[in-house]
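Enquirer: Supplied structure: input-v9.tsv, TSV, C-alpha atoms and all ligand atoms.
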chain	number	residue	atom	x	y	z
A	1	MET	CA	0.00	0.00	0.00
A	2	SER	CA	1.44	3.40	-0.90
A	3	ILE	CA	0.22	6.69	0.49
A	4	SER	CA	-0.38	9.48	-2.01
A	5	PHE	CA	-1.61	13.04	-1.63
A	6	GLU	CA	-2.08	13.64	-5.34
A	7	GLY	CA	-4.80	16.25	-5.95
A	8	ARG	CA	-4.97	17.29	-2.29
A	9	VAL	CA	-4.41	20.77	-0.89
A	10	ALA	CA	-2.71	20.97	2.50
A	11	ILE	CA	-2.00	23.77	4.96
A	12	VAL	CA	0.90	23.21	7.34
A	13	THR	CA	1.31	25.85	10.05
A	14	GLY	CA	4.74	26.65	11.44
A	15	ALA	CA	6.25	24.99	8.36
A	16	GLY	CA	9.31	27.25	8.07
A	17	ASN	CA	11.38	25.13	10.46
A	18	GLY	CA	11.65	21.80	12.21
A	19	LEU	CA	8.77	19.36	12.03
A	20	GLY	CA	6.42	21.59	10.02
A	21	ARG	CA	9.03	22.05	7.30
A	22	CYS	CA	9.58	18.32	7.11
A	23	HIS	CA	5.80	17.65	7.01
A	24	ALA	CA	5.35	20.22	4.20
A	25	LEU	CA	8.20	18.81	2.11
A	26	ALA	CA	6.90	15.25	2.49
A	27	LEU	CA	3.31	16.17	1.62
A	28	ALA	CA	4.52	18.03	-1.47
A	29	ARG	CA	6.82	15.15	-2.49
A	30	ARG	CA	3.77	12.87	-2.42
A	31	GLY	CA	1.67	15.14	-4.60
A	32	ALA	CA	-0.05	17.69	-2.35
A	33	ARG	CA	-0.11	21.40	-3.09
A	34	VAL	CA	0.97	23.00	0.14
A	35	VAL	CA	0.48	26.28	1.97
A	36	VAL	CA	3.71	26.76	3.90
A	37	ASN	CA	2.68	28.96	6.80
A	38	ASP	CA	5.19	30.47	9.18
A	39	LEU	CA	5.28	33.65	11.19
A	40	GLY	CA	9.05	33.34	11.21
A	41	GLY	CA	9.59	34.40	14.82
A	42	ALA	CA	12.05	33.14	17.44
A	43	ARG	CA	11.48	30.04	19.59
A	44	ASP	CA	9.77	32.16	22.28
A	45	GLY	CA	7.41	33.70	19.72
A	46	SER	CA	9.14	37.08	19.44
A	47	GLY	CA	9.80	38.72	16.04
A	48	ALA	CA	8.57	37.78	12.55
A	49	SER	CA	10.05	37.18	9.08
A	50	SER	CA	8.71	35.75	5.84
A	51	GLU	CA	12.11	34.20	4.96
A	52	ALA	CA	11.56	30.81	6.65
A	53	ALA	CA	8.32	30.05	4.76
A	54	LEU	CA	9.73	31.33	1.47
A	55	ALA	CA	12.81	29.12	1.74
A	56	VAL	CA	10.63	26.01	2.14
A	57	VAL	CA	8.44	27.04	-0.80
A	58	ARG	CA	11.58	27.39	-2.92
A	59	GLU	CA	12.68	23.90	-1.87
A	60	ILE	CA	9.29	22.43	-2.83
A	61	GLU	CA	9.27	24.23	-6.17
A	62	ALA	CA	12.83	23.15	-6.93
A	63	ALA	CA	11.68	19.55	-6.48
A	64	GLY	CA	8.83	20.12	-8.97
A	65	GLY	CA	6.04	20.68	-6.42
A	66	GLU	CA	3.55	23.51	-5.90
A	67	ALA	CA	3.50	25.63	-2.77
A	68	LEU	CA	2.36	28.97	-1.42
A	69	ALA	CA	4.25	30.89	1.29
A	70	ASN	CA	2.17	32.49	3.99
A	71	GLY	CA	3.20	34.56	7.00
A	72	ALA	CA	-0.06	34.52	9.01
A	73	ASN	CA	0.18	34.50	12.77
A	74	VAL	CA	-2.02	31.54	13.70
A	75	ALA	CA	-3.10	33.38	16.84
A	76	ASP	CA	-4.80	36.03	14.67
A	77	TYR	CA	-8.06	34.80	13.13
A	78	ASP	CA	-8.22	37.49	10.41
A	79	GLU	CA	-4.74	36.60	9.16
A	80	VAL	CA	-5.61	32.89	9.24
A	81	LYS	CA	-8.83	33.50	7.32
A	82	ALA	CA	-6.89	35.45	4.65
A	83	MET	CA	-4.45	32.51	4.38
A	84	VAL	CA	-7.29	30.04	3.82
A	85	ASP	CA	-8.94	32.39	1.31
A	86	ALA	CA	-5.63	32.58	-0.61
A	87	ALA	CA	-5.37	28.77	-0.71
A	88	VAL	CA	-8.94	28.46	-2.01
A	89	ALA	CA	-8.38	31.23	-4.57
A	90	ARG	CA	-5.34	29.39	-5.90
A	91	TRP	CA	-6.40	25.74	-5.70
A	92	GLY	CA	-10.16	25.74	-5.02
A	93	ARG	CA	-10.18	23.56	-1.87
A	94	VAL	CA	-8.45	22.67	1.39
A	95	ASP	CA	-8.24	18.95	2.22
A	96	ILE	CA	-5.64	18.78	4.95
A	97	LEU	CA	-4.78	21.01	7.89
A	98	ILE	CA	-1.72	20.29	9.99
A	99	ASN	CA	-1.82	22.41	13.15
A	100	ASN	CA	1.87	22.42	13.98
A	101	ALA	CA	2.95	26.01	14.79
A	102	GLY	CA	4.22	26.45	18.30
A	103	ILE	CA	6.40	28.36	20.74
A	104	LEU	CA	7.88	27.81	24.18
A	105	ARG	CA	7.89	30.06	27.26
A	106	ASP	CA	9.23	27.59	29.83
A	107	LYS	CA	9.46	28.49	33.54
A	108	SER	CA	8.41	26.81	36.76
A	109	PHE	CA	4.78	27.71	37.53
A	110	ALA	CA	5.89	29.85	40.50
A	111	LYS	CA	7.99	32.05	38.19
A	112	MET	CA	5.75	31.98	35.11
A	113	THR	CA	3.90	35.22	34.39
A	114	LEU	CA	0.26	35.08	33.36
A	115	ASP	CA	1.31	36.71	30.07
A	116	ASP	CA	3.68	33.79	29.35
A	117	PHE	CA	0.84	31.41	30.12
A	118	ALA	CA	-1.69	33.22	27.94
A	119	LEU	CA	0.66	33.61	24.95
A	120	VAL	CA	1.42	29.89	24.80
A	121	ILE	CA	-2.31	29.08	25.01
A	122	GLN	CA	-2.94	31.69	22.32
A	123	VAL	CA	-0.49	30.15	19.84
A	124	HIS	CA	-0.99	26.42	20.46
A	125	LEU	CA	-4.66	26.18	21.41
A	126	MET	CA	-6.23	29.26	19.81
A	127	GLY	CA	-3.91	28.90	16.79
A	128	SER	CA	-5.31	25.40	16.24
A	129	VAL	CA	-8.85	26.66	16.86
A	130	ASN	CA	-8.46	29.59	14.43
A	131	CYS	CA	-7.06	27.45	11.61
A	132	THR	CA	-9.61	24.70	12.14
A	133	LYS	CA	-12.48	27.20	12.26
A	134	ALA	CA	-11.30	28.82	9.01
A	135	VAL	CA	-11.28	25.49	7.10
A	136	TRP	CA	-14.21	23.75	8.82
A	137	ASP	CA	-17.06	24.90	6.54
A	138	ILE	CA	-14.93	24.29	3.44
A	139	MET	CA	-14.27	20.71	4.56
A	140	LYS	CA	-17.93	20.20	5.49
A	141	ASP	CA	-19.11	21.47	2.11
A	142	GLN	CA	-16.70	19.30	0.15
A	143	GLY	CA	-17.41	16.26	2.39
A	144	TYR	CA	-13.74	15.63	3.05
A	145	GLY	CA	-11.19	16.83	5.57
A	146	ARG	CA	-8.16	15.61	7.47
A	147	ILE	CA	-7.01	17.65	10.46
A	148	VAL	CA	-4.04	16.90	12.69
A	149	MET	CA	-3.43	18.53	16.08
A	150	THR	CA	0.08	18.56	17.49
A	151	SER	CA	0.20	17.61	21.15
A	152	SER	CA	3.23	16.56	23.19
A	153	SER	CA	4.23	14.13	25.92
A	154	SER	CA	4.34	17.29	28.10
A	155	GLY	CA	0.63	17.71	27.46
A	156	LEU	CA	-0.29	14.08	27.88
A	157	TYR	CA	1.84	13.45	30.97
A	158	GLY	CA	3.31	16.77	32.24
A	159	ASN	CA	6.82	18.22	32.22
A	160	PHE	CA	8.61	20.39	34.79
A	161	GLY	CA	8.57	24.05	33.69
A	162	GLN	CA	5.85	23.63	31.07
A	163	ALA	CA	2.53	24.31	32.83
A	164	ASN	CA	1.49	26.67	30.01
A	165	TYR	CA	2.67	24.43	27.19
A	166	GLY	CA	1.35	21.25	28.83
A	167	ALA	CA	-2.10	22.78	29.36
A	168	ALA	CA	-2.23	23.92	25.72
A	169	LYS	CA	-1.06	20.55	24.45
A	170	THR	CA	-3.77	18.67	26.38
A	171	ALA	CA	-6.33	21.22	25.25
A	172	VAL	CA	-5.81	20.30	21.59
A	173	VAL	CA	-6.66	16.68	22.46
A	174	GLY	CA	-9.93	17.93	23.96
A	175	LEU	CA	-10.54	19.95	20.81
A	176	MET	CA	-9.99	16.83	18.71
A	177	ASN	CA	-12.39	14.72	20.79
A	178	THR	CA	-15.38	16.95	20.07
A	179	LEU	CA	-14.46	17.80	16.46
A	180	VAL	CA	-14.37	14.07	15.72
A	181	LEU	CA	-18.01	13.78	16.78
A	182	GLU	CA	-19.08	16.85	14.81
A	183	GLY	CA	-17.03	16.07	11.68
A	184	GLN	CA	-17.86	12.38	11.33
A	185	LYS	CA	-20.77	12.67	8.93
A	186	TYR	CA	-18.77	14.92	6.57
A	187	ASP	CA	-15.77	12.56	6.45
A	188	ILE	CA	-13.71	15.04	8.42
A	189	ARG	CA	-11.23	13.02	10.47
A	190	VAL	CA	-9.24	14.56	13.28
A	191	ASN	CA	-6.16	13.01	14.84
A	192	THR	CA	-3.35	14.07	17.13
A	193	LEU	CA	0.39	13.72	16.78
A	194	ALA	CA	2.57	13.63	19.91
A	195	PRO	CA	6.09	13.99	18.53
A	196	THR	CA	9.54	14.08	20.00
A	197	ALA	CA	12.28	15.31	17.69
A	198	GLY	CA	15.54	17.14	17.40
A	199	THR	CA	14.58	20.69	16.36
A	200	ARG	CA	15.43	24.19	17.55
A	201	MET	CA	12.70	23.66	20.15
A	202	THR	CA	14.66	20.86	21.80
A	203	GLU	CA	18.28	21.58	20.76
A	204	ASP	CA	19.47	22.69	24.18
A	205	LEU	CA	17.55	19.95	26.03
A	206	ILE	CA	18.91	16.81	24.36
A	207	PRO	CA	22.56	15.62	24.14
A	208	GLU	CA	23.96	16.05	20.59
A	209	GLU	CA	24.46	12.33	19.89
A	210	LEU	CA	20.84	11.51	20.74
A	211	PHE	CA	19.52	14.65	19.03
A	212	LYS	CA	20.76	13.17	15.73
A	213	LEU	CA	18.65	10.03	16.21
A	214	MET	CA	15.50	12.11	16.71
A	215	THR	CA	15.01	13.16	13.11
A	216	PRO	CA	11.99	15.18	11.98
A	217	GLU	CA	11.66	12.61	9.15
A	218	SER	CA	10.91	9.85	11.67
A	219	VAL	CA	8.02	11.95	13.02
A	220	THR	CA	6.77	12.95	9.58
A	221	ALA	CA	6.38	9.27	8.64
A	222	GLY	CA	3.79	9.08	11.43
A	223	LEU	CA	2.14	12.39	10.54
A	224	LEU	CA	1.41	11.20	7.00
A	225	THR	CA	-0.54	8.20	8.35
A	226	LEU	CA	-2.88	10.60	10.20
A	227	CYS	CA	-3.93	12.72	7.22
A	228	HIS	CA	-4.24	10.46	4.17
A	229	GLU	CA	-7.42	9.08	2.66
A	230	ASP	CA	-7.64	6.02	4.94
A	231	ALA	CA	-6.48	7.87	8.05
A	232	PRO	CA	-7.88	6.74	11.40
A	233	ASN	CA	-10.12	9.06	13.42
A	234	ARG	CA	-9.46	10.25	17.00
A	235	PHE	CA	-6.06	8.59	17.13
A	236	ILE	CA	-3.20	9.90	19.29
A	237	LEU	CA	0.03	8.81	17.60
A	238	CYS	CA	3.27	9.24	19.48
A	239	CYS	CA	6.46	9.26	17.37
A	240	GLY	CA	10.15	9.87	17.85
A	241	ALA	CA	13.56	8.50	16.82
A	242	GLY	CA	11.86	5.75	14.82
A	243	GLY	CA	9.52	4.73	17.65
A	244	PHE	CA	5.74	4.74	17.09
A	245	ALA	CA	3.08	4.21	19.78
A	246	SER	CA	-0.51	5.14	20.57
A	247	ALA	CA	-1.83	7.00	23.62
A	248	HIS	CA	-5.31	6.65	25.12
A	249	ILE	CA	-7.45	7.92	27.95
A	250	TYR	CA	-9.11	5.00	29.66
A	251	GLU	CA	-11.78	4.89	32.37
A	252	THR	CA	-12.42	2.02	34.75
A	253	GLU	CA	-15.84	0.44	35.14
A	254	GLY	CA	-16.01	1.86	38.68
A	255	ILE	CA	-18.22	1.04	41.62
A	256	TYR	CA	-21.71	2.01	42.73
A	257	LEU	CA	-22.70	3.32	46.15
A	258	ALA	CA	-26.37	3.64	47.16
A	259	PRO	CA	-27.44	7.09	48.53
A	260	GLU	CA	-27.07	6.06	52.18
A	261	GLU	CA	-23.54	4.76	51.44
A	262	GLN	CA	-22.26	7.85	49.58
A	263	THR	CA	-19.53	9.00	51.99
A	264	PRO	CA	-15.85	9.70	51.27
A	265	GLU	CA	-14.95	6.87	53.70
A	266	ASN	CA	-16.90	4.36	51.61
A	267	VAL	CA	-15.27	5.62	48.39
A	268	VAL	CA	-11.81	5.22	49.97
A	269	ALA	CA	-12.72	1.74	51.22
A	270	ARG	CA	-13.33	0.59	47.64
A	271	TRP	CA	-10.52	2.58	46.01
A	272	ASP	CA	-8.71	-0.48	44.61
A	273	GLU	CA	-11.93	-1.75	43.06
A	274	LEU	CA	-12.86	1.61	41.47
A	275	ASN	CA	-9.29	1.83	40.16
A	276	ALA	CA	-9.09	-1.75	38.80
A	277	ALA	CA	-7.06	-1.51	35.58
A	278	ALA	CA	-8.54	-4.77	34.25
A	279	THR	CA	-11.97	-3.08	33.93
A	280	GLN	CA	-10.84	-0.02	31.99
A	281	ARG	CA	-12.02	0.88	28.52
A	282	GLU	CA	-11.88	3.85	26.18
A	283	LEU	CA	-14.98	6.05	26.02
A	284	THR	CA	-15.63	7.96	22.80
A	285	ALA	CA	-18.13	10.59	24.00
A	286	GLY	CA	-18.72	12.27	27.35
A	287	GLY	CA	-22.30	10.98	27.53
A	288	GLN	CA	-21.01	7.40	27.80
A	289	GLN	CA	-19.74	8.11	31.31
A	290	THR	CA	-23.12	9.48	32.43
A	291	GLU	CA	-24.86	6.47	30.87
A	292	LYS	CA	-22.55	4.05	32.68
A	293	PHE	CA	-23.18	5.64	36.08
A	294	LEU	CA	-26.91	6.03	35.51
A	295	LYS	CA	-27.16	2.37	34.50
A	296	LYS	CA	-25.75	1.32	37.88
A	297	ALA	CA	-28.07	3.69	39.78
A	298	MET	CA	-31.11	2.58	37.74
A	299	GLN	CA	-30.29	-1.06	38.45
A	300	HIS	CA	-30.15	-0.28	42.17
A	301	PHE	CA	-33.53	1.44	42.09
A	302	GLY	CA	-35.07	-1.09	39.74
A	303	ILE	CA	-35.73	1.54	37.03
A	304	GLU	CA	-36.15	0.15	33.51
A	305	GLY	CA	-34.50	2.11	30.73
B	1	LIG	P1	10.22	24.80	15.72
B	1	LIG	O1	10.44	25.93	16.66
B	1	LIG	O2	11.39	24.25	14.97
B	1	LIG	O3	9.09	25.17	14.65
B	1	LIG	C1	7.91	25.81	15.02
B	1	LIG	C2	7.56	26.78	13.93
B	1	LIG	O4	6.32	27.42	14.26
B	1	LIG	C3	8.61	27.88	13.75
B	1	LIG	O5	9.05	27.92	12.41
B	1	LIG	C4	7.87	29.16	14.14
B	1	LIG	O6	8.27	30.29	13.39
B	1	LIG	C5	6.42	28.77	13.85
B	1	LIG	N1	5.49	29.59	14.63
B	1	LIG	C6	5.57	29.89	15.95
B	1	LIG	N2	4.54	30.67	16.29
B	1	LIG	C7	3.78	30.87	15.20
B	1	LIG	C8	2.59	31.58	14.94
B	1	LIG	N3	1.97	32.27	15.91
B	1	LIG	N4	2.06	31.56	13.69
B	1	LIG	C9	2.69	30.86	12.69
B	1	LIG	N5	3.85	30.18	12.88
B	1	LIG	C10	4.39	30.18	14.12
B	1	LIG	O7	9.52	23.65	16.59
B	1	LIG	P2	9.24	22.08	16.28
B	1	LIG	O8	10.03	21.31	17.24
B	1	LIG	O9	9.31	21.80	14.84
B	1	LIG	O10	7.73	21.99	16.78
B	1	LIG	C11	6.61	21.79	15.92
B	1	LIG	C12	5.43	21.42	16.77
B	1	LIG	O11	5.68	20.17	17.43
B	1	LIG	C13	5.09	22.41	17.86
B	1	LIG	O12	3.69	22.49	18.02
B	1	LIG	C14	5.70	21.79	19.10
B	1	LIG	O13	5.10	22.23	20.27
B	1	LIG	C15	5.46	20.31	18.81
B	1	LIG	N6	6.33	19.43	19.55
B	1	LIG	C16	7.67	19.35	19.26
B	1	LIG	C17	8.45	18.48	19.98
B	1	LIG	C18	9.90	18.29	19.68
B	1	LIG	O14	10.48	17.40	20.30
B	1	LIG	N7	10.48	19.04	18.77
B	1	LIG	C19	7.92	17.70	21.11
B	1	LIG	C20	6.50	17.81	21.28
B	1	LIG	C21	5.76	18.67	20.52
Take the structure I supplied and represent it as structure tokens, if you would.
Ligand code: NAI
Expert:
Amino acid sequence: MSISFEGRVAIVTGAGNGLGRCHALALARRGARVVVNDLGGARDGSGASSEAALAVVREIEAAGGEALANGANVADYDEVKAMVDAAVARWGRVDILINNAGILRDKSFAKMTLDDFALVIQVHLMGSVNCTKAVWDIMKDQGYGRIVMTSSSSGLYGNFGQANYGAAKTAVVGLMNTLVLEGQKYDIRVNTLAPTAGTRMTEDLIPEELFKLMTPESVTAGLLTLCHEDAPNRFILCCGAGGFASAHIYETEGIYLAPEEQTPENVVARWDELNAAATQRELTAGGQQTEKFLKKAMQHFGIEG
């Protein structure tokens, strides 16, 4: 089976450097026409330059592909909307959105300013929201869309000094979960990538020898599986240094306590049972949790349903 993007139009945000650049080049090599978006700022989000996006467009064109450079700040909806309009004006559709742009403002929570927190949320979460919002109706109308969020192990599991980044990176998983439900009937599939790679974002955090093993290409191989025609839906794919794994949120079956038993002491007494890993399963909509609990309560009260 070979994966082709022939005839597809893709937008990759933050594609002037690192992972986004590698994603854009790979999509173009496999036939997609690509909007190479990049604000061109520094790692902490300061500054701007169109050079990074233009350089990637030149690389794509030199290899015989088609690309459009764009300098929109993903945190600004009007700029994002103009980017999407330009893609539609040139190619008539948008099939794929890779929400990849990102910045870091690391500090322990005690030292982190609220501005540093808000800016990181603005770029990672609201950037993904803005871009998704701007393509959503187009994808609905054409009955086809593939959207990828970029999360991180820091979001899924936490990382010292990254309260802002971790919160934003979990938030995009939450965004995916609901968009999957709303996009299903239009064949809009939404997945999440949790990468780890040697880029300017991680260059001072990883020893040089290991940095070289963590190629952007190894992550891009995973990214392409999340946005092609037969892509999964609601999948969290973790990739790095040639390793590929999936991440899930599971919930245990839990216990039931009748009204007269509903005390914290009784919950603690059955903690091991409510936390029994063998009973856990993945829920795919919030209502399933309510249903599960109500079923137990209805059984207790003999209510048919
Ligand atoms: P990078 O710093 O090399 O590239 C990020 C790009 O996003 C830069 O070119 C930057 O100019 C652009 N950008 C930043 N703010 C923007 C904005 N407001 N609008 C448009 N473009 C903007 O970083 P890297 O490592 O390639 O990261 C890509 C994504 O992967 C990010 O979302 C990052 O959080 C995520 N990630 C990376 C990991 C790694 O190990 N490198 C680990 C986990 C997640």
Enquirer: Give the residue list for ligand LIG 1 (chain B) at 8 Å, counting only C-alpha atoms and all ligand atoms, as a ChimeraX atom specification, sorted by chain and then by residue number.
Expert: /A:13-21,37-45,48,52-53,71-76,99-104,123-124,127,150-154,165,169,194-202,216,240
Enquirer: Calculated over all atoms listed in the file, which of the candidates A:Glu51, A:Gln288, A:Pro232, A:Gln280 has the smallest distance to Gln184 (chain A)?
Expert: A:Pro232
Enquirer: Would you list the residues near (-4.4, 14.6, 4.6), meaning any protein, DNA or RNA residue with an atom at most 9 Å from that point in file coordinates, counting all atoms listed in the file, as a list of chain:residue names?
Expert: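 The requested residues, written out, are A:Phe5, A:Arg8, A:Val9, A:Ala10, A:Leu27, A:Ala32, A:Asp95, A:Ile96, A:Leu97, A:Ile98, A:Gly145, A:Arg146, A:Ile147, A:Val148, A:Leu224, A:Thr225, A:Leu226, A:Cys227, A:His228, A:Glu229, A:Ala231.
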Enquirer: Name the residues in contact with Tyr144 (chain A) at a cut-off of 7 Å, using all atoms listed in the file, excluding same-chain residues fewer than 6 positions from it; report them as a count of residues only.
Expert: 4
Enquirer: Work out how far CA of Phe244 (chain A) is from CA of Ser218 (chain A), in Å to one decimal.
Expert: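 Spanning CA of Ser218 (chain A) to CA of Phe244 (chain A) is a straight-line distance of 9.1 Å.
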Enquirer: Determine, counting all atoms listed in the file, which protein, DNA and RNA residues have an atom within 12 Å of an atom of Lys111 (chain A); residues of the same chain fewer than 6 positions away are not included. Present the result as a compact mmCIF listing (two decimals) with C-alpha atoms, in the frame of the given file.
Expert:
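As written to disk, result-v2.txt reads:
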# COMPACT_ATOMS: atom_id res chain seq x y z
CA ARG A 105 7.89 30.06 27.26
CA PHE A 117 0.84 31.41 30.12
CA GLY A 161 8.57 24.05 33.69
CA GLN A 162 5.85 23.63 31.07
CA ALA A 163 2.53 24.31 32.83
CA ASN A 164 1.49 26.67 30.01
Enquirer: Closest to Glu282 (chain A) among A:Val35, A:Gly254, A:Ile249, A:Met298, using only C-alpha atoms?
Expert: A:Ile249
Enquirer: Distance CA of Val172 (chain A)-CA of Asp137 (chain A), one decimal place?
Expert: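 If I compute the distance from CA of Val172 (chain A) to CA of Asp137 (chain A), I get 19.3 Å.
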Enquirer: Can you work out which one of A:Leu210, A:Ala62, A:Asn159, A:Arg93 has the shortest atom-to-atom distance to Asp106 (chain A), counting all atoms listed in the file?
Expert: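 Nearest candidate to Asp106 (chain A) out of A:Leu210, A:Ala62, A:Asn159, A:Arg93: A:Asn159.
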Enquirer: Rounded to one decimal, what separation in Å do you get between CA of Phe109 (chain A) and CA of Tyr157 (chain A)?
Expert: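 Going from CA of Phe109 (chain A) over to CA of Tyr157 (chain A), I get 16.0 Å.
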Enquirer: Considering all atoms listed in the file, state which residue in the set A:Ala86, A:Cys239, A:Pro259, A:Met149 is at the smallest distance from His300 (chain A).
Expert: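 Of all the options, A:Pro259 lies closest to His300 (chain A).
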Enquirer: Determine the axis-aligned bounding box of all atoms of region 46-64 of chain A present in the file, pad each side by 4 Å, and express its centre and edge lengths in Å to one decimal place as AutoDock Vina command-line options.
Expert:
--center_x 10.6 --center_y 29.1 --center_z 5.2 --size_x 12.5 --size_y 27.2 --size_z 36.4
Enquirer: Between A:Val12, A:Met176, A:Ala55, A:Ala63, which has the minimum distance to Gly31 (chain A) (counting all atoms listed in the file)?
Expert: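 Comparing A:Val12, A:Met176, A:Ala55, A:Ala63 against Gly31 (chain A), the winner is A:Ala63.
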